[in-house]
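A short write-up of the structure that comes next.
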Amino acid sequence: MDRTQGQLDPAEPSSGPARVVTLTAGDFTLTVNPVDGSEIEPLRPGAEPARPRKRDAVGRAARPPVLPGAPASARLMAAREEERRRLVRLLSHGRSVRLTGPSGSGRSLLLDAVAADCAAVAPDGVVRLSGYGQQQPGELLHALYTAVYEAPDERPVRPDREELLARVREIGAVVLLDDLEMGGAALDELLRATPECAYLLAATPDTKAPSDDSHLEEVFLGGLGRAESVEFLEAGVGRALTEEEIAWAGDLRFASEGLPLRFVQAAALLRQRDELNGTPGGDDDEEPGVFEERPRDAAFVPLPTLAEGAAPAELLASRVSESGRAVLRIACALGGELPHHAHLPALVGDTHADAAVTELLGCGLLTPVGTRYRLAAGVARQLEEVGYGDPAAEEARTAARHYAWWTGHASVTPERVAAEADAVLAALAGADVVAAVLLARTAAPALAASLHWEAWERVLRSGAEAARKAGEVAEQAYFHHELGVLALCEGRLDRARAELEASIGLKGALADKRGTVAGRRALALVTDREAAGAAAVSPPLRLAPPVVPVASVAPALVAPVAPAAPVAPAVPVAPVAPRASGAVTAVVPVRRDAPANLAEVFAEPFPMSLKPSPAPALAPPVARPVAVSRKRTVLLAAAGALTVAALGTVVALAMGSGEEETPAGPGPKVSTNTPDVPAAGTDTGGEPGGNDSAVDPADADSGAGAGAGADAGAVTEAGPGAATPGEGAVAPTPGVSRGPGAKPSGGTPSRKPPVVPPKTSPVASPPTTSTSPKPSSSVSPSPTTPVVSPTVSPPTGPVQPPTE
């Protein structure tokens with residue numbers, strides 16, 4: 001038997017036991033031990049594998065195994081000749097093509113014809129791969145590497161990523177990839193990794209489209225025409241069609257959009273009908289027995305209905321052998337996957353069950369996928385609707401127990417287990433937890449030794465989940481250990497550490513010393529790889545010492561800051577020497593490389609330029625006091641000035657609202673309003689005799705607010721010739737009447753100097769009240785004499801100074 005085609009023969013001698021296998025994985029030596037778990041160690045110096053050699057360009061097609069019995073006739077239709085010539089022309093020029101067509105459009109048959117025409121196009125020949133279930137390019141690149149390069153005789157080699165990319169870059173072949181399921185960035189990575197290969201990618205329309213940078217040619221496969229469908233149907237039946245059958249074929253073409261798979265199944269329906277009606281050769285057959293009279297009680301089988309022709313799985317299955325129906329039930333239980341025909345006699349219980357595969361393939365119920373067969377598109381759903389999926393649990397359990405025995409047998413090589421990986425995984429998914437643990441435990445070492453590591457990982461994860469549900473702690477520890485070793489081989493260090501630590505914990509609970517030691521050795525390799533990876537990345541250069549952040553100061557060393565004192569004059573603050581003992585206001589650790597002062601640490605907008613006090617010799621460092629910000633002082637002073645001005649305005653308006661008028665007389669009318677704030681610097685409007693020039697320029701800003709309040713309250717109502725308060729006039733004493741020429745009584749007039757507030761304080765001094773009469777308005781002060789604020793005596797009672 002040809003092992004390259006996946007042929008399984010139980011009587012074939014084994015090439016070696018699959019129990020313990022030593023292989024090279026990158027720069028590791030991996031010993032697959034199915035008893036205690038795999039052991040991994042660094043590759044010893046001088047044990048590096050030699051450069052691989054390429055195989056011959058013959059026998060690289062991944063095709064399904066040869067079936068027993070007469071092979072099914074399959075020939076390319078004349079309708080596909082144009083697409084065939086176009087594909088061969090594009091591939092010969094080194095162009096990659098994406099062949100798009102629905103399931104059952106004849107893509108696989110067209111790829112077989114193209115492979116025969118392109119055998120001598122590329123230096124490395126034609127490589128046939130299957131992309132079914134592949135979402136990432138990693139396993140496809142490994143499959144391409146295995147198909148082109150020979151494995152060393154001493155031990156199998158699975159190269160790491162760098163070595164793999166370097167080797168596949170040198171491959172120049174025509175790669176036919178059927179059942180493609182990936183697109184976008186994943187497909188771009190596959191194409192970039194193999195720049196010397198020309199690809200023919202067969203995919204369905206619902207597959208993810210390639211990116212614009214892939215530069216793939218697009219070829220679409222449509223349905224058959226009316227004449228082509230009749231011709232194809234006649235070739236499948238082996239005779240000419242009647243008028244009724246031609247009309248039925250036309251309706252079927254309209255319902256199925258001309259898919260060739262539907263006409264393969266329709267031809268099988270017509271052949272079964274001919275057998276049931278006793279006319280296998282048709283009306284024009286000259287063989288003996290053709291014109292024999294049919295028994296009177298024999299029922300005539302009519303043509304299938306259009307619904308039966310569009311979904312023919314139930315009708316076709318009802319007319320095949322009992323072994324064929326049993327095989328269909330097994331396939332439904334395994335999710336559409338069909339075991340190798342060598343396993344069917346044991347699974348079905350019939351020694352001739354392997355011939356049922358040929359029968360089902362001729363009916364169009366099976367289709368080739370890579371190196372195996374599975375149910376055709378839509379067949380599984382149609383069969384499950386009529387009850388073929390009811391015994392799925394029992395069938396999956398039977399298949400799982402059978403594969404557990406078979407994969408653990410010493411005569412079964414890892415390559416044979418890898419060829420059956422999809423059926424094993426399907427049985428593992430449908431079996432109960434006990435059978436799943438047993439199957440995963442025996443199949444995992446064989447898949448690891450076969451270098452089919454994607455299936456190995458899937459088996460390990462399914463086994464770990466089944467062991468957790470079954471409560472098998474020892475088996476669960478084994479699966480986690482194997483997952484950690486696999487992740488370490490592939491460079492996934494975080495995953496490897498997590499899996500190995502879980503395994504070590506479980507083995508420690510079981511007191512498994514040998515397994516714990518193996519796990520710790522693998523974990524030490526993970527640590528070494530992590531350290532090597534960290535050392536490869538140099539740390540950033542530190543140009544300056546780090547600054548101690550404010551948040552890093554210990555809370556116990558920071559005393560609460562006292563509330564701000566009332567606004568005081570802004571006088572220069574002298575540096576305060578630190579106390580020898582007692583609490584400090586703020587403590588910041590002083591270091592040799594610390595900033596020079598606190599202003600550099602806090603970076604305030606208005607920093608104080610305070611020099612730190614010198615520390616005594618051999619004394620511990622002392623913190624410097626934190627000064628109040630000048631900005632805060634300025635803001636508080638401005639706020640106090642505005643508050644005083646507002647209060648003065650309110651009081652002046654309140655007193656002005658109680659103004660009384662004196663009876664009319666010969667003298668002038670004088671207002672009794674008393675201003676709260678001295679009118680120093682008040683503008684008089686520029687009248688003759690005014691005091692604009694007597695205002696101190698230094699007091700202009702500080703008295704602006706008070707002057708505004710005084711102007712607002714000093715409203716007088718004077719007669720002819722009366723003097724205004726701005727001219728220095730004062731109100732006469734109550735009860736004393738003066739004529740135009742009368743002299744003042746009570747002594748000489750007294751004049752007090754103006755009360756000038758300090759320059760550094762915005763608070764105005766309280767106003768002074770004088771009862772001394774003033775001379776007539778003819779006496780004017782000198783230009784250099786300060787202006788006296790107008791004061792008015794109250795109408796009655798003693799003189800009282802106003803309160804703030």
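In the structure tokens, the first chain shown is A, the next is B, and so on; residue numbers restart at 1 for each chain, and ligands run from 1 in the order shown.
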I'd like the neighbourhood of region 338-348 of chain A as a tab-separated table (two decimals) with N, CA, C and O atoms, in the first residue's frame, where a residue qualifies if any of its atoms comes within 7 Å (using only C-alpha atoms), though same-chain residues fewer than 2 positions away should be ignored.
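Printed below is out07.tsv as written:
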chain	number	residue	atom	x	y	z
A	8	LEU	N	-4.38	2.83	5.16
A	8	LEU	CA	-4.24	2.14	6.44
A	8	LEU	C	-4.40	0.65	6.22
A	8	LEU	O	-5.38	0.21	5.63
A	9	ASP	N	-3.45	-0.11	6.69
A	9	ASP	CA	-3.52	-1.57	6.59
A	9	ASP	C	-3.16	-2.14	7.96
A	9	ASP	O	-2.00	-2.01	8.40
A	326	ALA	N	-25.37	2.15	8.01
A	326	ALA	CA	-24.64	2.18	9.28
A	326	ALA	C	-23.46	3.14	9.21
A	326	ALA	O	-23.16	3.86	10.18
A	331	ALA	N	-21.03	8.58	10.50
A	331	ALA	CA	-20.59	9.89	10.01
A	331	ALA	C	-21.40	11.02	10.63
A	331	ALA	O	-20.85	12.08	10.96
A	336	GLY	N	-19.97	14.62	10.55
A	336	GLY	CA	-19.71	14.58	9.12
A	336	GLY	C	-18.41	13.92	8.75
A	336	GLY	O	-18.20	13.61	7.56
A	350	ASP	N	-19.37	-5.47	10.36
A	350	ASP	CA	-19.51	-6.19	9.10
A	350	ASP	C	-18.15	-6.22	8.43
A	350	ASP	O	-17.50	-5.17	8.26
A	351	THR	N	-17.73	-7.41	8.03
A	351	THR	CA	-16.41	-7.53	7.42
A	351	THR	C	-16.32	-6.85	6.06
A	351	THR	O	-15.22	-6.56	5.59
A	352	HIS	N	-17.43	-6.61	5.40
A	352	HIS	CA	-17.45	-5.96	4.08
A	352	HIS	C	-17.92	-4.51	4.16
A	352	HIS	O	-18.35	-3.93	3.15
A	353	ALA	N	-17.85	-3.94	5.33
A	353	ALA	CA	-18.34	-2.56	5.47
A	353	ALA	C	-17.43	-1.56	4.77
A	353	ALA	O	-17.87	-0.45	4.45
A	354	ASP	N	-16.17	-1.93	4.50
A	354	ASP	CA	-15.28	-0.99	3.83
A	354	ASP	C	-15.73	-0.71	2.40
A	354	ASP	O	-15.44	0.35	1.84
A	357	VAL	N	-18.02	2.53	1.41
A	357	VAL	CA	-17.52	3.86	1.10
A	357	VAL	C	-17.58	4.11	-0.41
A	357	VAL	O	-17.96	5.20	-0.86
A	373	TYR	N	-12.39	11.39	3.66
A	373	TYR	CA	-13.72	11.67	3.13
A	373	TYR	C	-14.62	12.17	4.26
A	373	TYR	O	-14.41	11.83	5.43
A	374	ARG	N	-15.61	12.94	3.85
A	374	ARG	CA	-16.62	13.40	4.77
A	374	ARG	C	-17.94	13.56	4.02
A	374	ARG	O	-17.97	13.51	2.77
A	399	ALA	N	-16.98	4.80	18.84
A	399	ALA	CA	-15.80	5.24	18.08
A	399	ALA	C	-14.67	5.67	19.00
A	399	ALA	O	-13.49	5.40	18.72
A	423	ALA	N	-11.05	12.48	12.60
A	423	ALA	CA	-12.04	11.55	13.15
A	423	ALA	C	-11.82	11.33	14.64
A	423	ALA	O	-12.79	11.20	15.41
Please run DSSP on the backbone and report, as number ranges by chain, all residues within region 358-476 of chain A that come out as strand (DSSP E).
A: 366-369, 372-375
What are the DSSP alpha helix (DSSP H) residues of region 182-313 of chain A, as an mmCIF file with N, CA and C atoms, in the first residue's frame?
data_model
loop_
_atom_site.group_PDB
_atom_site.id
_atom_site.type_symbol
_atom_site.label_atom_id
_atom_site.label_comp_id
_atom_site.auth_asym_id
_atom_site.auth_seq_id
_atom_site.Cartn_x
_atom_site.Cartn_y
_atom_site.Cartn_z
ATOM 1 N N ALA A 185 -5.423 39.231 6.662
ATOM 2 C CA ALA A 185 -4.031 39.276 7.107
ATOM 3 C C ALA A 185 -3.408 37.893 7.192
ATOM 4 N N ALA A 186 -4.184 36.877 7.575
ATOM 5 C CA ALA A 186 -3.623 35.521 7.663
ATOM 6 C C ALA A 186 -3.190 35.008 6.292
ATOM 7 N N LEU A 187 -4.003 35.270 5.284
ATOM 8 C CA LEU A 187 -3.625 34.848 3.935
ATOM 9 C C LEU A 187 -2.436 35.646 3.415
ATOM 10 N N ASP A 188 -2.373 36.913 3.757
ATOM 11 C CA ASP A 188 -1.212 37.718 3.352
ATOM 12 C C ASP A 188 0.073 37.188 3.966
ATOM 13 N N GLU A 189 0.005 36.746 5.207
ATOM 14 C CA GLU A 189 1.195 36.178 5.846
ATOM 15 C C GLU A 189 1.655 34.907 5.147
ATOM 16 N N LEU A 190 0.710 34.077 4.727
ATOM 17 C CA LEU A 190 1.071 32.858 4.004
ATOM 18 C C LEU A 190 1.738 33.183 2.668
ATOM 19 N N LEU A 191 1.204 34.152 1.956
ATOM 20 C CA LEU A 191 1.772 34.508 0.659
ATOM 21 C C LEU A 191 3.141 35.172 0.794
ATOM 22 N N ARG A 192 3.314 36.005 1.819
ATOM 23 C CA ARG A 192 4.619 36.649 2.016
ATOM 24 C C ARG A 192 5.689 35.659 2.436
ATOM 25 N N ALA A 193 5.293 34.636 3.187
ATOM 26 C CA ALA A 193 6.283 33.651 3.649
ATOM 27 C C ALA A 193 6.811 32.794 2.516
ATOM 28 N N ARG A 226 -28.184 24.415 -19.476
ATOM 29 C CA ARG A 226 -29.188 23.366 -19.697
ATOM 30 C C ARG A 226 -28.615 22.209 -20.501
ATOM 31 N N ALA A 227 -27.952 22.499 -21.596
ATOM 32 C CA ALA A 227 -27.375 21.427 -22.415
ATOM 33 C C ALA A 227 -26.249 20.712 -21.670
ATOM 34 N N GLU A 228 -25.463 21.466 -20.925
ATOM 35 C CA GLU A 228 -24.371 20.851 -20.178
ATOM 36 C C GLU A 228 -24.887 19.945 -19.066
ATOM 37 N N SER A 229 -25.959 20.355 -18.418
ATOM 38 C CA SER A 229 -26.517 19.527 -17.344
ATOM 39 C C SER A 229 -27.087 18.218 -17.886
ATOM 40 N N VAL A 230 -27.748 18.270 -19.052
ATOM 41 C CA VAL A 230 -28.273 17.040 -19.652
ATOM 42 C C VAL A 230 -27.132 16.118 -20.058
ATOM 43 N N GLU A 231 -26.081 16.685 -20.641
ATOM 44 C CA GLU A 231 -24.934 15.873 -21.033
ATOM 45 C C GLU A 231 -24.266 15.229 -19.818
ATOM 46 N N PHE A 232 -24.107 15.983 -18.763
ATOM 47 C CA PHE A 232 -23.486 15.452 -17.556
ATOM 48 C C PHE A 232 -24.360 14.369 -16.929
ATOM 49 N N LEU A 233 -25.674 14.549 -16.967
ATOM 50 C CA LEU A 233 -26.568 13.547 -16.395
ATOM 51 C C LEU A 233 -26.548 12.252 -17.202
ATOM 52 N N GLU A 234 -26.514 12.360 -18.511
ATOM 53 C CA GLU A 234 -26.435 11.160 -19.352
ATOM 54 C C GLU A 234 -25.134 10.400 -19.125
ATOM 55 N N ALA A 235 -24.016 11.147 -18.897
ATOM 56 C CA ALA A 235 -22.741 10.472 -18.626
ATOM 57 C C ALA A 235 -22.794 9.745 -17.293
ATOM 58 N N GLY A 236 -23.512 10.271 -16.317
ATOM 59 C CA GLY A 236 -23.617 9.612 -15.027
ATOM 60 C C GLY A 236 -24.544 8.411 -15.041
ATOM 61 N N VAL A 237 -25.608 8.473 -15.834
ATOM 62 C CA VAL A 237 -26.564 7.359 -15.888
ATOM 63 C C VAL A 237 -26.034 6.260 -16.803
ATOM 64 N N GLU A 243 -37.620 11.970 -22.808
ATOM 65 C CA GLU A 243 -38.148 13.328 -22.800
ATOM 66 C C GLU A 243 -38.581 13.747 -21.398
ATOM 67 N N GLU A 244 -39.197 12.807 -20.688
ATOM 68 C CA GLU A 244 -39.625 13.123 -19.324
ATOM 69 C C GLU A 244 -38.436 13.401 -18.429
ATOM 70 N N GLU A 245 -37.377 12.650 -18.576
ATOM 71 C CA GLU A 245 -36.196 12.847 -17.750
ATOM 72 C C GLU A 245 -35.466 14.137 -18.119
ATOM 73 N N ILE A 246 -35.507 14.515 -19.410
ATOM 74 C CA ILE A 246 -34.875 15.778 -19.814
ATOM 75 C C ILE A 246 -35.609 16.959 -19.203
ATOM 76 N N ALA A 247 -36.950 16.886 -19.214
ATOM 77 C CA ALA A 247 -37.726 17.954 -18.590
ATOM 78 C C ALA A 247 -37.465 18.020 -17.078
ATOM 79 N N TRP A 248 -37.360 16.836 -16.468
ATOM 80 C CA TRP A 248 -37.070 16.817 -15.028
ATOM 81 C C TRP A 248 -35.682 17.385 -14.746
ATOM 82 N N ALA A 249 -34.707 17.110 -15.612
ATOM 83 C CA ALA A 249 -33.366 17.660 -15.452
ATOM 84 C C ALA A 249 -33.363 19.185 -15.595
ATOM 85 N N GLY A 250 -34.211 19.710 -16.498
ATOM 86 C CA GLY A 250 -34.294 21.170 -16.638
ATOM 87 C C GLY A 250 -34.849 21.829 -15.390
ATOM 88 N N ASP A 251 -35.881 21.220 -14.796
ATOM 89 C CA ASP A 251 -36.424 21.775 -13.551
ATOM 90 C C ASP A 251 -35.408 21.682 -12.405
ATOM 91 N N LEU A 252 -34.665 20.585 -12.377
ATOM 92 C CA LEU A 252 -33.663 20.419 -11.324
ATOM 93 C C LEU A 252 -32.532 21.441 -11.473
ATOM 94 N N ARG A 253 -32.167 21.726 -12.702
ATOM 95 C CA ARG A 253 -31.128 22.737 -12.909
ATOM 96 C C ARG A 253 -31.589 24.091 -12.407
ATOM 97 N N PHE A 254 -32.841 24.441 -12.627
ATOM 98 C CA PHE A 254 -33.354 25.728 -12.153
ATOM 99 C C PHE A 254 -33.389 25.782 -10.627
ATOM 100 N N ALA A 255 -33.754 24.672 -9.979
ATOM 101 C CA ALA A 255 -33.863 24.655 -8.517
ATOM 102 C C ALA A 255 -32.498 24.624 -7.836
ATOM 103 N N SER A 256 -31.528 23.981 -8.439
ATOM 104 C CA SER A 256 -30.211 23.830 -7.822
ATOM 105 C C SER A 256 -29.173 24.786 -8.369
ATOM 106 N N PRO A 260 -22.984 20.968 -10.059
ATOM 107 C CA PRO A 260 -22.683 19.604 -10.532
ATOM 108 C C PRO A 260 -22.974 18.525 -9.489
ATOM 109 N N LEU A 261 -22.824 18.820 -8.205
ATOM 110 C CA LEU A 261 -23.091 17.815 -7.179
ATOM 111 C C LEU A 261 -24.540 17.343 -7.232
ATOM 112 N N ARG A 262 -25.458 18.236 -7.499
ATOM 113 C CA ARG A 262 -26.865 17.837 -7.583
ATOM 114 C C ARG A 262 -27.105 16.881 -8.754
ATOM 115 N N PHE A 263 -26.352 17.015 -9.825
ATOM 116 C CA PHE A 263 -26.549 16.124 -10.970
ATOM 117 C C PHE A 263 -25.826 14.791 -10.759
ATOM 118 N N VAL A 264 -24.770 14.781 -9.929
ATOM 119 C CA VAL A 264 -24.179 13.500 -9.529
ATOM 120 C C VAL A 264 -25.184 12.708 -8.708
ATOM 121 N N GLN A 265 -25.860 13.382 -7.790
ATOM 122 C CA GLN A 265 -26.878 12.715 -6.985
ATOM 123 C C GLN A 265 -28.102 12.352 -7.822
ATOM 124 N N ALA A 266 -28.469 13.205 -8.795
ATOM 125 C CA ALA A 266 -29.596 12.885 -9.666
ATOM 126 C C ALA A 266 -29.297 11.677 -10.543
ATOM 127 N N ALA A 267 -28.072 11.567 -11.011
ATOM 128 C CA ALA A 267 -27.701 10.381 -11.797
ATOM 129 C C ALA A 267 -27.791 9.124 -10.952
ATOM 130 N N ALA A 268 -27.401 9.215 -9.669
ATOM 131 C CA ALA A 268 -27.531 8.054 -8.780
ATOM 132 C C ALA A 268 -29.004 7.689 -8.571
ATOM 133 N N LEU A 269 -29.881 8.688 -8.482
ATOM 134 C CA LEU A 269 -31.317 8.402 -8.335
ATOM 135 C C LEU A 269 -31.859 7.682 -9.574
ATOM 136 N N LEU A 270 -31.439 8.117 -10.746
ATOM 137 C CA LEU A 270 -31.922 7.465 -11.959
ATOM 138 C C LEU A 270 -31.358 6.047 -12.081
ATOM 139 N N ARG A 271 -30.126 5.824 -11.674
ATOM 140 C CA ARG A 271 -29.575 4.468 -11.710
ATOM 141 C C ARG A 271 -30.325 3.550 -10.745
ATOM 142 N N GLN A 272 -30.617 4.011 -9.560
ATOM 143 C CA GLN A 272 -31.389 3.206 -8.602
ATOM 144 C C GLN A 272 -32.801 2.933 -9.119
ATOM 145 N N ARG A 273 -33.367 3.900 -9.790
ATOM 146 C CA ARG A 273 -34.709 3.703 -10.353
ATOM 147 C C ARG A 273 -34.684 2.642 -11.446
ATOM 148 N N ASP A 274 -33.639 2.677 -12.243
ATOM 149 C CA ASP A 274 -33.531 1.660 -13.293
ATOM 150 C C ASP A 274 -33.367 0.264 -12.697
ATOM 151 N N GLU A 275 -32.595 0.163 -11.635
ATOM 152 C CA GLU A 275 -32.421 -1.140 -11.000
ATOM 153 C C GLU A 275 -33.724 -1.638 -10.383
ATOM 154 N N LEU A 276 -34.470 -0.733 -9.784
ATOM 155 C CA LEU A 276 -35.735 -1.139 -9.168
ATOM 156 C C LEU A 276 -36.780 -1.494 -10.221
ATOM 157 N N ASN A 277 -36.760 -0.847 -11.350
ATOM 158 C CA ASN A 277 -37.717 -1.147 -12.422
ATOM 159 C C ASN A 277 -37.255 -2.306 -13.295
ATOM 160 N N LEU A 306 -39.404 16.970 -7.742
ATOM 161 C CA LEU A 306 -38.403 18.034 -7.759
ATOM 162 C C LEU A 306 -37.824 18.265 -6.363
ATOM 163 N N ALA A 307 -38.636 18.123 -5.327
ATOM 164 C CA ALA A 307 -38.133 18.271 -3.954
ATOM 165 C C ALA A 307 -37.155 17.163 -3.613
ATOM 166 N N GLU A 308 -37.452 15.941 -4.036
ATOM 167 C CA GLU A 308 -36.526 14.837 -3.788
ATOM 168 C C GLU A 308 -35.236 15.000 -4.572
ATOM 169 N N GLY A 309 -35.301 15.598 -5.748
ATOM 170 C CA GLY A 309 -34.083 15.836 -6.523
ATOM 171 C C GLY A 309 -33.228 16.944 -5.928
ATOM 172 N N ALA A 310 -33.872 17.962 -5.291
ATOM 173 C CA ALA A 310 -33.110 19.051 -4.685
ATOM 174 C C ALA A 310 -32.493 18.646 -3.348
ATOM 175 N N ALA A 313 -30.778 13.203 -0.167
ATOM 176 C CA ALA A 313 -30.017 12.360 0.765
ATOM 177 C C ALA A 313 -30.889 11.265 1.363
#
Which residues are near region 500-510 of chain A? Cut-off 10 Å, only C-alpha atoms, ignore same chain within fewer than 4 positions. Put them as an NGL selection string.
:A and (473-485 or 487-488 or 495-496 or 514-523 or 526)
Compile the contact shell of region 403-409 of chain A as a ChimeraX atom specification: residues with an atom at most 7 Å away, counting only C-alpha atoms, same-chain residues fewer than 2 positions apart removed.
/A:399-401,411-412,417,424,438-439,442-443
